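Novice: Here you go, one structure.
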Amino acid sequence: TAAYFALKKGSEPVHILWNPVNHRIQAANNTIHNLSGLNAKAEVYDFNGRLVWEKSVTTDLAPNSVSDCFTIDYPDKITKIRFIRLTLQDEKKQVISGNFYWSSSEYQDFNGLNELPEIKLKAEAKRTFSNGKSCIEIRLTNPSPAMALVINLKISNPETGERLLPAFWSDNYFSLVPGETKTISITPENAIPDDCVLQIGGWNIEEQTLKISNPD
(Lines give C-alpha, C1' and ligand atoms only; values in the text may rest on other atoms or scores of the structure.)
Protein backbone atom coordinates (compact mmCIF):
# COMPACT_ATOMS: atom_id res chain seq x y z
CA THR A 1 0.00 0.00 0.00
CA ALA A 2 0.98 3.66 -0.23
CA ALA A 3 1.50 3.73 3.55
CA TYR A 4 4.33 1.21 3.27
CA PHE A 5 6.24 3.29 0.75
CA ALA A 6 5.65 6.48 2.74
CA LEU A 7 7.07 4.80 5.86
CA LYS A 8 9.97 3.40 3.87
CA LYS A 9 10.81 6.87 2.59
CA GLY A 10 10.50 8.55 5.99
CA SER A 11 12.63 5.89 7.67
CA GLU A 12 15.69 6.32 5.45
CA PRO A 13 18.92 6.35 7.50
CA VAL A 14 20.01 9.38 5.46
CA HIS A 15 17.10 11.59 4.45
CA ILE A 16 16.45 14.95 2.82
CA LEU A 17 13.25 16.78 3.76
CA TRP A 18 11.27 20.00 3.50
CA ASN A 19 10.06 21.68 6.69
CA PRO A 20 6.64 23.19 5.81
CA VAL A 21 6.65 25.52 8.82
CA ASN A 22 9.72 27.56 7.84
CA HIS A 23 10.33 26.20 4.30
CA ARG A 24 13.81 25.04 5.22
CA ILE A 25 15.46 22.16 3.41
CA GLN A 26 17.09 19.85 5.93
CA ALA A 27 19.17 16.68 5.80
CA ALA A 28 19.06 14.02 8.50
CA ASN A 29 21.82 11.54 9.22
CA ASN A 30 20.56 8.77 11.48
CA THR A 31 23.72 6.68 11.11
CA ILE A 32 26.80 6.56 13.35
CA HIS A 33 29.07 7.78 10.53
CA ASN A 34 30.24 11.23 9.48
CA LEU A 35 29.09 12.02 5.96
CA SER A 36 30.95 14.65 3.99
CA GLY A 37 30.72 16.26 0.57
CA LEU A 38 26.99 15.65 0.12
CA ASN A 39 25.03 17.76 -2.35
CA ALA A 40 21.55 18.87 -1.29
CA LYS A 41 19.35 20.22 -4.07
CA ALA A 42 15.81 21.61 -4.23
CA GLU A 43 13.74 22.33 -7.33
CA VAL A 44 10.44 24.22 -7.20
CA TYR A 45 7.91 23.75 -10.01
CA ASP A 46 4.74 25.74 -10.50
CA PHE A 47 1.36 24.10 -11.08
CA ASN A 48 1.98 24.02 -14.84
CA GLY A 49 5.18 22.00 -14.41
CA ARG A 50 7.57 24.90 -15.06
CA LEU A 51 10.80 24.97 -13.04
CA VAL A 52 10.73 28.37 -11.30
CA TRP A 53 13.45 28.08 -8.62
CA GLU A 54 16.34 25.82 -7.71
CA LYS A 55 19.29 25.78 -5.37
CA SER A 56 21.96 23.33 -4.26
CA VAL A 57 24.67 23.35 -1.59
CA THR A 58 27.44 21.06 -0.46
CA THR A 59 27.02 19.93 3.13
CA ASP A 60 28.56 17.64 5.74
CA LEU A 61 26.39 15.64 8.15
CA ALA A 62 27.49 14.63 11.64
CA PRO A 63 26.24 11.30 13.05
CA ASN A 64 22.73 11.30 14.52
CA SER A 65 22.02 14.86 13.45
CA VAL A 66 19.72 17.06 11.38
CA SER A 67 21.30 19.96 9.49
CA ASP A 68 19.73 23.01 7.85
CA CYS A 69 20.79 23.29 4.22
CA PHE A 70 18.98 26.43 3.01
CA THR A 71 15.53 28.04 2.87
CA ILE A 72 13.34 28.03 -0.21
CA ASP A 73 12.84 31.52 -1.61
CA TYR A 74 9.64 31.31 -3.65
CA PRO A 75 9.31 33.70 -6.61
CA ASP A 76 6.88 36.59 -6.11
CA LYS A 77 4.65 35.39 -8.92
CA ILE A 78 3.99 31.68 -8.55
CA THR A 79 0.88 29.53 -8.77
CA LYS A 80 -1.02 28.77 -5.57
CA ILE A 81 -0.07 25.10 -5.76
CA ARG A 82 3.57 24.30 -6.33
CA PHE A 83 5.73 21.16 -6.27
CA ILE A 84 9.06 20.61 -4.51
CA ARG A 85 11.56 17.99 -5.66
CA LEU A 86 14.56 17.23 -3.42
CA THR A 87 17.69 15.16 -4.02
CA LEU A 88 20.67 14.35 -1.82
CA GLN A 89 23.77 13.01 -3.61
CA ASP A 90 26.99 11.57 -2.27
CA GLU A 91 30.50 12.47 -3.44
CA LYS A 92 30.11 10.05 -6.36
CA LYS A 93 26.94 11.90 -7.44
CA GLN A 94 24.78 8.91 -6.55
CA VAL A 95 21.33 9.83 -5.21
CA ILE A 96 21.09 8.53 -1.65
CA SER A 97 17.80 10.24 -0.82
CA GLY A 98 15.02 11.88 -2.77
CA ASN A 99 11.73 13.46 -1.78
CA PHE A 100 8.73 15.10 -3.44
CA TYR A 101 6.06 17.40 -2.02
CA TRP A 102 3.15 19.54 -3.12
CA SER A 103 2.49 22.79 -1.29
CA SER A 104 -0.21 25.47 -1.32
CA SER A 105 -0.10 29.17 -0.46
CA GLU A 106 -3.57 28.71 1.06
CA TYR A 107 -3.57 26.42 4.10
CA GLN A 108 -4.54 22.84 3.17
CA ASP A 109 -6.23 23.95 -0.07
CA PHE A 110 -5.23 21.38 -2.67
CA ASN A 111 -8.45 21.32 -4.69
CA GLY A 112 -6.48 22.50 -7.70
CA LEU A 113 -4.80 19.10 -7.96
CA ASN A 114 -8.05 17.90 -9.53
CA GLU A 115 -7.28 20.19 -12.49
CA LEU A 116 -4.01 18.49 -13.43
CA PRO A 117 -4.12 17.22 -17.03
CA GLU A 118 -4.26 13.48 -17.62
CA ILE A 119 -0.88 12.08 -18.59
CA LYS A 120 -0.01 8.96 -20.56
CA LEU A 121 3.36 7.73 -19.37
CA LYS A 122 5.91 6.20 -21.67
CA ALA A 123 6.49 2.76 -20.20
CA GLU A 124 8.22 -0.54 -20.77
CA ALA A 125 8.52 -3.66 -18.63
CA LYS A 126 10.74 -6.69 -19.06
CA ARG A 127 11.84 -9.78 -17.22
CA THR A 128 15.41 -9.78 -15.91
CA PHE A 129 17.59 -11.84 -13.59
CA SER A 130 19.32 -10.66 -10.41
CA ASN A 131 21.19 -12.81 -7.88
CA GLY A 132 19.77 -15.94 -9.50
CA LYS A 133 16.16 -14.72 -9.22
CA SER A 134 13.68 -13.74 -11.88
CA CYS A 135 12.81 -10.04 -11.62
CA ILE A 136 10.81 -7.43 -13.47
CA GLU A 137 12.30 -4.10 -14.49
CA ILE A 138 9.98 -1.20 -15.30
CA ARG A 139 11.14 2.01 -16.96
CA LEU A 140 8.77 4.98 -16.87
CA THR A 141 9.09 8.43 -18.44
CA ASN A 142 6.86 11.47 -18.04
CA PRO A 143 6.81 12.89 -21.60
CA SER A 144 4.43 15.74 -20.78
CA PRO A 145 5.07 19.31 -19.54
CA ALA A 146 2.90 18.63 -16.45
CA MET A 147 3.44 16.73 -13.21
CA ALA A 148 2.68 13.00 -13.14
CA LEU A 149 1.31 12.56 -9.63
CA VAL A 150 1.22 9.49 -7.35
CA ILE A 151 1.93 6.83 -9.98
CA ASN A 152 0.62 3.43 -8.90
CA LEU A 153 1.94 0.21 -10.45
CA LYS A 154 0.62 -3.34 -10.18
CA ILE A 155 1.66 -6.71 -11.62
CA SER A 156 -1.35 -8.96 -12.03
CA ASN A 157 -3.13 -11.72 -13.92
CA PRO A 158 -5.17 -10.04 -16.70
CA GLU A 159 -8.01 -12.58 -16.43
CA THR A 160 -8.49 -12.82 -12.66
CA GLY A 161 -6.96 -9.53 -11.51
CA GLU A 162 -4.93 -11.47 -8.95
CA ARG A 163 -1.77 -9.58 -8.06
CA LEU A 164 1.74 -11.04 -8.13
CA LEU A 165 2.41 -11.50 -4.41
CA PRO A 166 4.55 -11.62 -2.40
CA ALA A 167 6.95 -9.33 -4.23
CA PHE A 168 9.53 -6.74 -3.18
CA TRP A 169 9.30 -3.38 -4.96
CA SER A 170 12.09 -0.80 -5.05
CA ASP A 171 9.45 1.96 -5.12
CA ASN A 172 5.79 2.71 -5.87
CA TYR A 173 3.29 5.56 -5.42
CA PHE A 174 5.84 8.10 -6.65
CA SER A 175 5.65 11.21 -8.85
CA LEU A 176 7.62 12.32 -11.91
CA VAL A 177 8.44 15.88 -12.95
CA PRO A 178 8.26 16.77 -16.67
CA GLY A 179 10.77 14.76 -18.67
CA GLU A 180 11.88 12.63 -15.73
CA THR A 181 12.61 8.91 -16.10
CA LYS A 182 12.59 6.36 -13.29
CA THR A 183 13.41 2.65 -13.20
CA ILE A 184 11.60 0.33 -10.78
CA SER A 185 12.70 -3.20 -9.92
CA ILE A 186 10.40 -5.92 -8.64
CA THR A 187 11.62 -9.17 -7.11
CA PRO A 188 8.81 -11.72 -6.64
CA GLU A 189 9.23 -14.46 -4.06
CA ASN A 190 7.93 -17.04 -6.54
CA ALA A 191 8.19 -17.61 -10.28
CA ILE A 192 6.75 -14.94 -12.57
CA PRO A 193 3.75 -16.30 -14.51
CA ASP A 194 3.98 -15.98 -18.29
CA ASP A 195 0.64 -14.22 -18.57
CA CYS A 196 1.11 -11.47 -15.98
CA VAL A 197 0.87 -7.83 -17.06
CA LEU A 198 1.84 -4.40 -15.76
CA GLN A 199 -1.02 -2.09 -14.80
CA ILE A 200 -0.30 1.64 -14.60
CA GLY A 201 -2.50 4.20 -12.86
CA GLY A 202 -2.30 7.17 -10.54
CA TRP A 203 -3.77 10.54 -9.61
CA ASN A 204 -3.71 12.06 -13.09
CA ILE A 205 -2.30 9.06 -14.93
CA GLU A 206 -4.05 7.50 -17.92
CA GLU A 207 -4.56 3.81 -17.14
CA GLN A 208 -2.49 1.40 -19.20
CA THR A 209 -1.97 -2.35 -19.28
CA LEU A 210 1.31 -3.59 -20.74
CA LYS A 211 2.70 -7.01 -21.50
CA ILE A 212 5.98 -7.85 -19.83
CA SER A 213 8.64 -8.71 -22.40
CA ASN A 214 11.20 -11.46 -22.07
CA PRO A 215 14.93 -10.76 -21.51
CA ASP A 216 16.95 -9.62 -24.54
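Lettering and numbering for the C-alpha coordinates are positional, with chains as A, B, ... in the shown order, residues counted from 1 in each chain, and ligands counted from 1 in the shown order.
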Using only C-alpha atoms, determine which residues lie at most 12 Å from region 111-113 of chain A, disregarding the query and same-chain residues fewer than 6 positions distant; provide the list as a list of chain:residue names.
Specialist: A:Asp46, A:Phe47, A:Asn48, A:Thr79, A:Lys80, A:Ile81, A:Arg82, A:Phe83, A:Trp102, A:Ser103, A:Ser104, A:Ser105, A:Ala146, A:Met147, A:Ala148, A:Leu149, A:Val150, A:Trp203, A:Asn204
Novice: Go ahead and save the picked residues with N, CA, C and O atoms, as a PDB file, in the first residue's frame.
Specialist:
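Output below, filename selection_14.pdb:
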ATOM      1  N   ASP A  46       6.084  25.198 -10.683  1.00  0.00           N
ATOM      2  CA  ASP A  46       4.743  25.743 -10.504  1.00  0.00           C
ATOM      3  C   ASP A  46       3.705  24.708 -10.917  1.00  0.00           C
ATOM      4  O   ASP A  46       4.050  23.578 -11.327  1.00  0.00           O
ATOM      5  N   PHE A  47       2.434  25.062 -10.812  1.00  0.00           N
ATOM      6  CA  PHE A  47       1.361  24.096 -11.080  1.00  0.00           C
ATOM      7  C   PHE A  47       1.396  23.583 -12.515  1.00  0.00           C
ATOM      8  O   PHE A  47       0.970  22.461 -12.797  1.00  0.00           O
ATOM      9  N   ASN A  48       1.928  24.392 -13.428  1.00  0.00           N
ATOM     10  CA  ASN A  48       1.984  24.020 -14.843  1.00  0.00           C
ATOM     11  C   ASN A  48       3.213  23.190 -15.201  1.00  0.00           C
ATOM     12  O   ASN A  48       3.434  22.876 -16.366  1.00  0.00           O
ATOM     13  N   THR A  79       2.217  30.084  -8.924  1.00  0.00           N
ATOM     14  CA  THR A  79       0.880  29.532  -8.773  1.00  0.00           C
ATOM     15  C   THR A  79       0.612  29.139  -7.324  1.00  0.00           C
ATOM     16  O   THR A  79       1.545  28.889  -6.554  1.00  0.00           O
ATOM     17  N   LYS A  80      -0.650  29.090  -6.956  1.00  0.00           N
ATOM     18  CA  LYS A  80      -1.021  28.769  -5.574  1.00  0.00           C
ATOM     19  C   LYS A  80      -0.475  27.411  -5.163  1.00  0.00           C
ATOM     20  O   LYS A  80       0.066  27.257  -4.062  1.00  0.00           O
ATOM     21  N   ILE A  81      -0.622  26.415  -6.028  1.00  0.00           N
ATOM     22  CA  ILE A  81      -0.070  25.095  -5.756  1.00  0.00           C
ATOM     23  C   ILE A  81       1.256  24.971  -6.479  1.00  0.00           C
ATOM     24  O   ILE A  81       1.369  25.311  -7.658  1.00  0.00           O
ATOM     25  N   ARG A  82       2.263  24.492  -5.733  1.00  0.00           N
ATOM     26  CA  ARG A  82       3.569  24.303  -6.326  1.00  0.00           C
ATOM     27  C   ARG A  82       4.139  22.972  -5.858  1.00  0.00           C
ATOM     28  O   ARG A  82       3.660  22.397  -4.874  1.00  0.00           O
ATOM     29  N   PHE A  83       5.153  22.475  -6.558  1.00  0.00           N
ATOM     30  CA  PHE A  83       5.730  21.163  -6.270  1.00  0.00           C
ATOM     31  C   PHE A  83       7.213  21.324  -5.935  1.00  0.00           C
ATOM     32  O   PHE A  83       7.909  22.147  -6.535  1.00  0.00           O
ATOM     33  N   TRP A 102       3.950  18.459  -2.542  1.00  0.00           N
ATOM     34  CA  TRP A 102       3.154  19.543  -3.120  1.00  0.00           C
ATOM     35  C   TRP A 102       2.754  20.472  -1.978  1.00  0.00           C
ATOM     36  O   TRP A 102       2.498  20.045  -0.855  1.00  0.00           O
ATOM     37  N   SER A 103       2.730  21.765  -2.286  1.00  0.00           N
ATOM     38  CA  SER A 103       2.491  22.793  -1.288  1.00  0.00           C
ATOM     39  C   SER A 103       1.464  23.780  -1.828  1.00  0.00           C
ATOM     40  O   SER A 103       1.290  23.911  -3.041  1.00  0.00           O
ATOM     41  N   SER A 104       0.783  24.470  -0.924  1.00  0.00           N
ATOM     42  CA  SER A 104      -0.212  25.471  -1.320  1.00  0.00           C
ATOM     43  C   SER A 104      -0.009  26.742  -0.517  1.00  0.00           C
ATOM     44  O   SER A 104       0.306  26.688   0.684  1.00  0.00           O
ATOM     45  N   SER A 105      -0.198  27.892  -1.174  1.00  0.00           N
ATOM     46  CA  SER A 105      -0.099  29.172  -0.463  1.00  0.00           C
ATOM     47  C   SER A 105      -1.311  29.419   0.414  1.00  0.00           C
ATOM     48  O   SER A 105      -1.301  30.305   1.264  1.00  0.00           O
ATOM     49  N   ALA A 146       3.594  18.540 -17.749  1.00  0.00           N
ATOM     50  CA  ALA A 146       2.901  18.631 -16.454  1.00  0.00           C
ATOM     51  C   ALA A 146       3.417  17.560 -15.494  1.00  0.00           C
ATOM     52  O   ALA A 146       4.132  16.631 -15.885  1.00  0.00           O
ATOM     53  N   MET A 147       3.044  17.699 -14.221  1.00  0.00           N
ATOM     54  CA  MET A 147       3.436  16.731 -13.211  1.00  0.00           C
ATOM     55  C   MET A 147       2.647  15.435 -13.354  1.00  0.00           C
ATOM     56  O   MET A 147       1.430  15.457 -13.588  1.00  0.00           O
ATOM     57  N   ALA A 148       3.335  14.305 -13.213  1.00  0.00           N
ATOM     58  CA  ALA A 148       2.684  12.997 -13.138  1.00  0.00           C
ATOM     59  C   ALA A 148       2.638  12.610 -11.673  1.00  0.00           C
ATOM     60  O   ALA A 148       3.679  12.311 -11.070  1.00  0.00           O
ATOM     61  N   LEU A 149       1.446  12.609 -11.086  1.00  0.00           N
ATOM     62  CA  LEU A 149       1.314  12.564  -9.633  1.00  0.00           C
ATOM     63  C   LEU A 149       0.878  11.187  -9.125  1.00  0.00           C
ATOM     64  O   LEU A 149      -0.051  10.574  -9.658  1.00  0.00           O
ATOM     65  N   VAL A 150       1.553  10.715  -8.094  1.00  0.00           N
ATOM     66  CA  VAL A 150       1.221   9.491  -7.352  1.00  0.00           C
ATOM     67  C   VAL A 150       0.976   8.315  -8.308  1.00  0.00           C
ATOM     68  O   VAL A 150      -0.108   7.742  -8.374  1.00  0.00           O
ATOM     69  N   TRP A 203      -2.872   9.396  -9.829  1.00  0.00           N
ATOM     70  CA  TRP A 203      -3.766  10.543  -9.606  1.00  0.00           C
ATOM     71  C   TRP A 203      -4.262  11.124 -10.923  1.00  0.00           C
ATOM     72  O   TRP A 203      -5.454  11.267 -11.143  1.00  0.00           O
ATOM     73  N   ASN A 204      -3.340  11.490 -11.785  1.00  0.00           N
ATOM     74  CA  ASN A 204      -3.708  12.063 -13.088  1.00  0.00           C
ATOM     75  C   ASN A 204      -3.069  11.271 -14.209  1.00  0.00           C
ATOM     76  O   ASN A 204      -2.647  11.818 -15.240  1.00  0.00           O
TER      77      ASN A 204
END
Novice: List as a ChimeraX atom specification the protein and nucleic acid residues near Val52 (chain A), meaning an atom at most 10 Å away when only C-alpha atoms are counted, but skip any in the same chain fewer than 4 places from it.
Specialist: /A:43-46,74-75,77-78,82
Novice: Could you name the residues that touch Thr59 (chain A) at 10 Å or less, counting only C-alpha atoms, but leaving out those on the same chain fewer than 4 positions away, as a PyMOL selection string?
Specialist: chain A and resi 27+35-40+67-69+88+90
Novice: List every residue of region 51-173 of chain A that DSSP, applied to the backbone, labels as strand (DSSP E), and write the result as number ranges by chain.
Specialist: A: 51-61, 65-71, 81-89, 95-104, 122-130, 133-141, 148-156, 167-169
Novice: For Pro166 (chain A), which of A:Ile192, A:Ala62, A:Ile212, A:Leu86 is the closest residue, counting only C-alpha atoms?
Specialist: A:Ile192
Novice: What is the distance between CA of Ala42 (chain A) and CA of Val14 (chain A), in Å to one decimal?
Specialist: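 A separation of 16.2 Å between them.
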Novice: My list of candidates is A:Ala2, A:Ile155, A:Leu198, A:Val66. Which is closest to Asn172 (chain A) when distances are computed with only C-alpha atoms?
Specialist: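 Result for the nearest residue to Asn172 (chain A): A:Ala2.
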Novice: Counting only C-alpha atoms, which residue out of A:Asn142, A:Asn29, A:Cys135, A:Glu180 sits closest to Ala167 (chain A)?
Specialist: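 Checking each of A:Asn142, A:Asn29, A:Cys135, A:Glu180 against Ala167 (chain A), counting only C-alpha atoms, the winner is A:Cys135.
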Novice: Considering only C-alpha atoms, can you say which of A:Thr209, A:Gln108, A:Ser11, A:Thr58 comes closest to Lys120 (chain A)?
Specialist: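 Going through A:Thr209, A:Gln108, A:Ser11, A:Thr58 one by one, the smallest distance to Lys120 (chain A) is for A:Thr209.
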